[in-house]
file final.csv (CSV, C-alpha atoms)
chain,number,residue,atom,x,y,z
A,1,MET,CA,17.8,-20.9,-28.6
A,2,GLU,CA,15.9,-18.0,-27.0
A,3,GLY,CA,14.9,-20.3,-24.1
A,4,ILE,CA,18.5,-21.3,-23.6
A,5,GLN,CA,19.6,-17.7,-23.5
A,6,VAL,CA,17.0,-16.9,-20.8
A,7,ILE,CA,18.2,-19.8,-18.7
A,8,SER,CA,21.8,-18.7,-19.2
A,9,ARG,CA,21.0,-15.2,-18.1
A,10,ALA,CA,19.0,-16.4,-15.1
A,11,ALA,CA,21.9,-18.6,-14.1
A,12,ALA,CA,24.3,-15.7,-14.3
A,13,LEU,CA,22.1,-13.6,-12.0
A,14,LEU,CA,21.8,-16.5,-9.5
A,15,ARG,CA,25.6,-16.9,-9.5
A,16,GLU,CA,26.0,-13.2,-8.6
A,17,VAL,CA,23.2,-13.3,-5.9
A,18,SER,CA,24.7,-16.4,-4.4
A,19,ALA,CA,28.2,-14.8,-4.3
A,20,ASN,CA,26.7,-11.7,-2.6
A,21,PRO,CA,24.2,-13.0,0.0
A,22,ASP,CA,23.9,-9.6,1.7
A,23,GLY,CA,22.1,-8.2,-1.3
A,24,LEU,CA,22.8,-6.5,-4.7
A,25,SER,CA,20.7,-3.8,-6.3
A,26,LEU,CA,19.2,-4.2,-9.7
A,27,GLY,CA,21.9,-1.8,-11.0
A,28,GLN,CA,24.7,-3.8,-9.5
A,29,LEU,CA,23.3,-7.0,-11.0
A,30,ALA,CA,23.0,-5.3,-14.4
A,31,ALA,CA,26.7,-4.1,-14.2
A,32,ALA,CA,27.9,-7.5,-13.0
A,33,THR,CA,26.2,-9.5,-15.7
A,34,GLY,CA,26.2,-7.0,-18.6
A,35,LEU,CA,22.5,-7.2,-18.9
A,36,ALA,CA,20.1,-4.3,-19.3
A,37,ARG,CA,18.4,-3.2,-16.1
A,38,SER,CA,15.0,-3.9,-17.5
A,39,THR,CA,16.1,-7.5,-18.4
A,40,VAL,CA,17.4,-8.0,-14.9
A,41,GLN,CA,14.1,-6.8,-13.4
A,42,ARG,CA,12.1,-9.3,-15.5
A,43,ILE,CA,14.4,-12.2,-14.6
A,44,VAL,CA,14.4,-11.3,-10.9
A,45,ASN,CA,10.6,-11.1,-10.9
A,46,ALA,CA,10.5,-14.6,-12.5
A,47,LEU,CA,13.1,-16.0,-10.0
A,48,GLU,CA,11.2,-14.5,-7.1
A,49,SER,CA,8.0,-16.1,-8.1
A,50,GLU,CA,9.8,-19.4,-7.7
A,51,HIS,CA,11.3,-18.3,-4.4
A,52,LEU,CA,14.9,-18.5,-5.8
A,53,VAL,CA,15.6,-14.9,-4.9
A,54,GLN,CA,14.1,-12.5,-2.4
A,55,ALA,CA,14.0,-8.8,-3.3
A,56,GLY,CA,13.5,-6.0,-0.8
A,57,ALA,CA,15.0,-2.7,0.5
A,58,GLY,CA,18.3,-4.5,1.1
A,59,GLY,CA,18.6,-5.6,-2.5
A,60,VAL,CA,18.2,-9.0,-4.2
A,61,ARG,CA,19.3,-11.9,-2.0
A,62,PRO,CA,19.1,-15.7,-2.1
A,63,GLY,CA,15.6,-16.9,-1.6
A,64,TRP,CA,14.5,-19.8,0.5
A,65,GLY,CA,14.1,-22.0,-2.6
A,66,LEU,CA,17.7,-21.4,-3.7
A,67,ARG,CA,18.9,-22.0,-0.1
A,68,ARG,CA,17.0,-25.3,-0.1
A,69,LEU,CA,18.7,-26.4,-3.3
A,70,ALA,CA,22.1,-25.4,-2.0
A,71,GLU,CA,21.6,-27.6,1.1
A,72,LEU,CA,20.7,-30.8,-0.8
A,73,PRO,CA,24.3,-32.2,-1.1
A,74,GLY,CA,25.1,-31.6,2.6
A,75,PRO,CA,23.9,-30.5,5.9
A,76,GLY,CA,22.6,-26.9,6.6
A,77,ILE,CA,20.9,-25.5,9.6
A,78,ALA,CA,17.5,-25.2,7.9
A,79,ARG,CA,17.8,-28.7,6.6
A,80,GLU,CA,18.7,-29.9,10.1
A,81,LEU,CA,15.6,-28.4,11.6
A,82,ARG,CA,13.3,-29.4,8.8
A,83,ALA,CA,11.9,-32.5,10.5
A,84,ASP,CA,10.8,-30.5,13.5
A,85,MET,CA,9.3,-27.8,11.2
A,86,TYR,CA,7.4,-30.5,9.4
A,87,GLY,CA,6.0,-31.8,12.7
A,88,LEU,CA,4.7,-28.2,13.3
A,89,PHE,CA,3.2,-28.2,9.9
A,90,GLU,CA,1.4,-31.5,10.5
A,91,ALA,CA,0.1,-30.2,13.9
A,92,THR,CA,-1.3,-27.0,12.3
A,93,HIS,CA,-1.5,-27.4,8.5
A,94,GLU,CA,-0.7,-23.7,8.3
A,95,THR,CA,2.3,-22.0,6.6
A,96,ILE,CA,5.5,-22.5,8.6
A,97,ASP,CA,8.6,-20.4,8.2
A,98,ILE,CA,12.2,-20.4,9.5
A,99,SER,CA,13.9,-17.1,9.0
A,100,THR,CA,16.9,-14.9,9.9
A,101,LEU,CA,17.5,-11.2,10.2
A,102,VAL,CA,19.4,-9.2,7.6
A,103,ASN,CA,19.6,-5.4,7.8
A,104,GLY,CA,16.4,-5.1,9.8
A,105,GLU,CA,14.4,-7.3,7.3
A,106,VAL,CA,13.2,-10.8,7.6
A,107,LEU,CA,15.0,-13.3,5.3
A,108,PHE,CA,13.2,-16.6,4.8
A,109,MET,CA,15.4,-19.7,4.9
A,110,ASP,CA,12.8,-22.4,4.4
A,111,ARG,CA,9.0,-22.8,4.4
A,112,PHE,CA,6.2,-25.3,4.4
A,113,LEU,CA,3.1,-23.8,2.7
A,114,SER,CA,-0.3,-24.4,4.2
A,115,ASP,CA,-2.3,-27.2,2.4
A,116,GLN,CA,-5.6,-25.5,3.1
A,117,PRO,CA,-7.7,-23.8,0.4
A,118,VAL,CA,-7.5,-20.5,2.1
A,119,ARG,CA,-3.9,-19.9,3.4
A,120,ALA,CA,-1.7,-17.0,4.4
A,121,VAL,CA,1.6,-16.5,2.5
A,122,PRO,CA,3.6,-13.2,2.5
A,123,ALA,CA,3.3,-11.6,-0.9
A,124,LEU,CA,6.2,-11.7,-3.3
A,125,GLY,CA,8.1,-8.5,-4.0
A,126,ALA,CA,6.9,-6.9,-0.8
A,127,ASP,CA,9.3,-5.3,1.7
A,128,TYR,CA,8.5,-6.5,5.3
A,129,PRO,CA,10.6,-4.8,8.0
A,130,ALA,CA,11.2,-7.2,11.0
A,131,TYR,CA,9.1,-5.1,13.4
A,132,SER,CA,6.0,-5.8,11.3
A,133,MET,CA,6.2,-9.6,11.5
A,134,SER,CA,6.0,-12.2,14.3
A,135,ASN,CA,9.2,-13.9,13.1
A,136,GLY,CA,10.9,-10.5,12.8
A,137,LYS,CA,10.1,-9.5,16.3
A,138,ALA,CA,11.2,-12.9,17.5
A,139,LEU,CA,14.5,-12.3,15.7
A,140,LEU,CA,14.8,-8.8,17.1
A,141,SER,CA,14.5,-10.3,20.6
A,142,LEU,CA,17.9,-11.9,20.0
A,143,CYS,CA,19.4,-8.3,19.5
A,144,THR,CA,20.2,-5.8,22.2
A,145,ASP,CA,18.1,-2.6,22.5
A,146,ALA,CA,21.0,-0.6,21.2
A,147,GLU,CA,21.2,-2.8,18.1
A,148,ILE,CA,17.5,-2.4,17.5
A,149,ARG,CA,17.8,1.4,17.8
A,150,SER,CA,20.7,1.4,15.4
A,151,LEU,CA,18.5,-0.4,12.8
A,152,TYR,CA,15.4,1.8,13.1
A,153,GLY,CA,16.6,5.0,14.8
A,154,ASN,CA,14.3,7.0,17.0
A,155,ALA,CA,11.9,8.3,14.3
A,156,ASP,CA,8.4,6.9,13.8
A,157,LEU,CA,8.3,3.4,12.2
A,158,GLN,CA,6.9,3.0,8.8
A,159,ARG,CA,3.4,1.5,9.1
A,160,LEU,CA,2.3,-1.1,6.6
A,161,THR,CA,-1.2,-1.4,8.0
A,162,PRO,CA,-3.1,0.5,10.7
A,163,ASN,CA,-2.0,-2.2,13.2
A,164,THR,CA,1.8,-1.9,12.5
A,165,LEU,CA,3.8,-0.7,15.5
A,166,GLY,CA,4.4,3.0,15.1
A,167,SER,CA,7.4,3.6,17.4
A,168,VAL,CA,10.7,2.0,18.5
A,169,GLU,CA,9.5,2.3,22.1
A,170,LEU,CA,6.5,0.1,21.5
A,171,LEU,CA,8.7,-2.3,19.6
A,172,LEU,CA,11.2,-2.5,22.5
A,173,LYS,CA,8.4,-3.3,25.0
A,174,GLN,CA,7.2,-6.2,22.8
A,175,VAL,CA,10.7,-7.4,22.2
A,176,ASP,CA,11.4,-7.4,26.0
A,177,ALA,CA,8.3,-9.5,26.6
A,178,ILE,CA,9.4,-12.0,24.0
A,179,ARG,CA,12.8,-12.2,25.7
A,180,HIS,CA,10.9,-13.2,28.9
A,181,GLY,CA,8.9,-16.0,27.3
A,182,ALA,CA,6.0,-14.2,25.5
A,183,ILE,CA,4.9,-15.4,22.1
A,184,SER,CA,5.7,-12.9,19.3
A,185,CYS,CA,2.5,-11.9,17.5
A,186,ASP,CA,1.6,-10.3,14.2
A,187,LEU,CA,-2.0,-9.2,14.3
A,188,GLU,CA,-2.5,-7.9,10.8
A,189,GLU,CA,0.6,-5.8,11.2
A,190,HIS,CA,2.3,-6.7,7.9
A,191,ALA,CA,-0.8,-7.3,5.9
A,192,MET,CA,-4.5,-7.1,6.5
A,193,GLY,CA,-6.2,-10.4,6.8
A,194,THR,CA,-3.1,-12.2,8.0
A,195,CYS,CA,-1.9,-13.0,11.5
A,196,ALA,CA,1.1,-15.0,12.8
A,197,VAL,CA,2.8,-16.2,15.9
A,198,GLY,CA,6.6,-16.7,16.3
A,199,LEU,CA,9.4,-17.6,18.6
A,200,PRO,CA,13.1,-17.2,18.6
A,201,VAL,CA,15.1,-20.4,18.2
A,202,GLY,CA,18.5,-18.9,19.0
A,203,HIS,CA,21.8,-18.5,17.2
A,204,TYR,CA,23.6,-21.0,15.0
A,205,ARG,CA,27.2,-20.0,14.1
A,206,GLY,CA,26.3,-16.4,14.5
A,207,VAL,CA,23.0,-16.6,12.5
A,208,LYS,CA,19.8,-15.6,14.3
A,209,LEU,CA,16.9,-18.0,13.8
A,210,ALA,CA,13.2,-17.8,14.4
A,211,ILE,CA,10.2,-20.0,13.5
A,212,SER,CA,6.7,-18.7,12.8
A,213,VAL,CA,3.2,-20.0,11.9
A,214,VAL,CA,1.2,-17.8,9.6
A,215,LEU,CA,-2.6,-18.0,9.5
A,216,PRO,CA,-5.5,-16.2,7.8
A,217,ILE,CA,-7.4,-14.0,10.4
A,218,THR,CA,-10.5,-16.1,9.8
A,219,ARG,CA,-8.8,-19.1,11.6
A,220,PHE,CA,-6.6,-17.2,14.0
A,221,ALA,CA,-8.7,-16.8,17.0
A,222,ALA,CA,-10.0,-20.4,17.0
A,223,LYS,CA,-6.6,-22.0,16.4
A,224,ARG,CA,-4.3,-19.6,18.3
A,225,GLY,CA,-4.0,-21.6,21.5
A,226,GLN,CA,-3.2,-24.9,19.9
A,227,THR,CA,-0.9,-23.2,17.4
A,228,GLU,CA,1.1,-21.5,20.1
A,229,LYS,CA,1.5,-24.7,22.0
A,230,ALA,CA,2.7,-26.6,18.9
A,231,LEU,CA,5.1,-23.8,18.0
A,232,ALA,CA,6.6,-23.8,21.5
A,233,GLU,CA,7.1,-27.6,21.4
A,234,CYS,CA,8.7,-27.3,17.9
A,235,VAL,CA,11.1,-24.6,19.1
A,236,ARG,CA,12.1,-26.6,22.1
A,237,HIS,CA,13.0,-29.5,19.8
A,238,CYS,CA,15.0,-27.2,17.5
A,239,GLN,CA,16.9,-25.7,20.4
A,240,ARG,CA,17.9,-29.2,21.6
A,241,ARG,CA,19.0,-29.9,18.0
A,242,LEU,CA,21.2,-26.7,18.1
A,243,GLU,CA,22.8,-27.9,21.3
A,244,GLU,CA,23.6,-31.2,19.7
A,245,LEU,CA,25.1,-29.5,16.7
A,246,GLY,CA,27.2,-27.3,18.9
A,247,GLY,CA,26.5,-24.2,16.9
call {"tool": "encode", "arguments": {"input": "final.csv", "output": "structure tokens"}}
result
Amino acid sequence: MEGIQVISRAAALLREVSANPDGLSLGQLAAATGLARSTVQRIVNALESEHLVQAGAGGVRPGWGLRRLAELPGPGIARELRADMYGLFEATHETIDISTLVNGEVLFMDRFLSDQPVRAVPALGADYPAYSMSNGKALLSLCTDAEIRSLYGNADLQRLTPNTLGSVELLLKQVDAIRHGAISCDLEEHAMGTCAVGLPVGHYRGVKLAISVVLPITRFAAKRGQTEKALAECVRHCQRRLEELGG
């Protein structure tokens, strides 16, 4: 019976998270479900390890695993673009992400994990502001400069590693280059030992979309050129698909 109770509690949490996709704090989840905050924390940790929720500064939100399950009965934008994402995975055999932007953070919508023994995957439970990731900067390129300043203000940016951008002015320069066709790069900016390249896909029904390829630094230099070429091709296919869908 104890196992059934745990499942029931997890289901209650998932219902609340699904009904509030912009994020709920642990305290709000505890109040909504009647569970102790410590119990909520344990269940959230377990759900996050299975990618069913994503926790960060914006609260607990649906994870890419839950979004994938929700899309099984019918079409969703991540599902519509999955074939092209898989083509990018086959071309690189690295971790492939499609993501959107929520409150200045990257929210993963779907993912193919690298099948190589050494692979790069963002750590669970970590808070990654968009300016520290390639997909995040690609998403920010779909925002105006004023919108970016409203997210981060004019103060120094929090640095996750020595390579993280330290100011909004530096961020705006990179974002402007992405708007003009440059590849978005993460050169050990969100985590040491990990690099990534990304590109904006565009908007679908008001949702910003970007795709990225994440690699260990040990393979990045040798594979960067071919990875960027495969990414650009994937994004072109996805953009054509968005046009067909009329989003």
call {"tool": "atom_distance", "arguments": {"input": "final.csv", "atom1": "atom CA of A:Ala32", "atom2": "atom CA of A:His51"}}
result
21.6 Å
call {"tool": "closest_residue", "arguments": {"input": "final.csv", "among": "A:Glu189, A:Ser114, A:Leu29, A:Val121", "to": "A:Gly166", "atoms": "all atoms listed in the file"}}
result
A:Glu189
call {"tool": "closest_residue", "arguments": {"input": "final.csv", "among": "A:Pro129, A:Gly87, A:Gly136, A:Gly198", "to": "A:His237", "atoms": "all atoms listed in the file"}}
result
A:Gly87
call {"tool": "residues_around", "arguments": {"input": "final.csv", "residues": "A:Arg119", "least_positions_apart": "2", "cutoff": "7 Å", "atoms": "only C-alpha atoms", "output": "list in words"}}
result
Glu94, Ser114, Gln116, Pro117, Val121, Leu215 and Pro216 of chain A
call {"tool": "atom_distance", "arguments": {"input": "final.csv", "atom1": "atom CA of A:Arg82", "atom2": "atom CA of A:Glu48"}}
result
21.9 Å
call {"tool": "residues_near_point", "arguments": {"input": "final.csv", "point": "(4.6, -23.0, 22.2)", "cutoff": "12 Å", "atoms": "all atoms listed in the file", "output": "PyMOL selection string"}}
result
chain A and resi 88+91+181-184+197-201+211-213+224-237
call {"tool": "closest_residue", "arguments": {"input": "final.csv", "among": "A:Ser99, A:Gln28, A:Asn163, A:Asn154", "to": "A:Leu139", "atoms": "all atoms listed in the file"}}
result
A:Ser99
call {"tool": "closest_residue", "arguments": {"input": "final.csv", "among": "A:Arg15, A:Arg9, A:His203, A:His180", "to": "A:Leu35", "atoms": "all atoms listed in the file"}}
result
A:Arg9
call {"tool": "atom_distance", "arguments": {"input": "final.csv", "atom1": "atom CA of A:Lys137", "atom2": "atom CA of A:Pro62"}}
result
21.4 Å
call {"tool": "closest_residue", "arguments": {"input": "final.csv", "among": "A:Pro162, A:Gly58, A:Gly34, A:Gly246", "to": "A:Leu13", "atoms": "only C-alpha atoms"}}
result
A:Gly34
call {"tool": "closest_residue", "arguments": {"input": "final.csv", "among": "A:Asp115, A:Thr92, A:Gly153, A:Leu170", "to": "A:Phe220", "atoms": "only C-alpha atoms"}}
result
A:Thr92
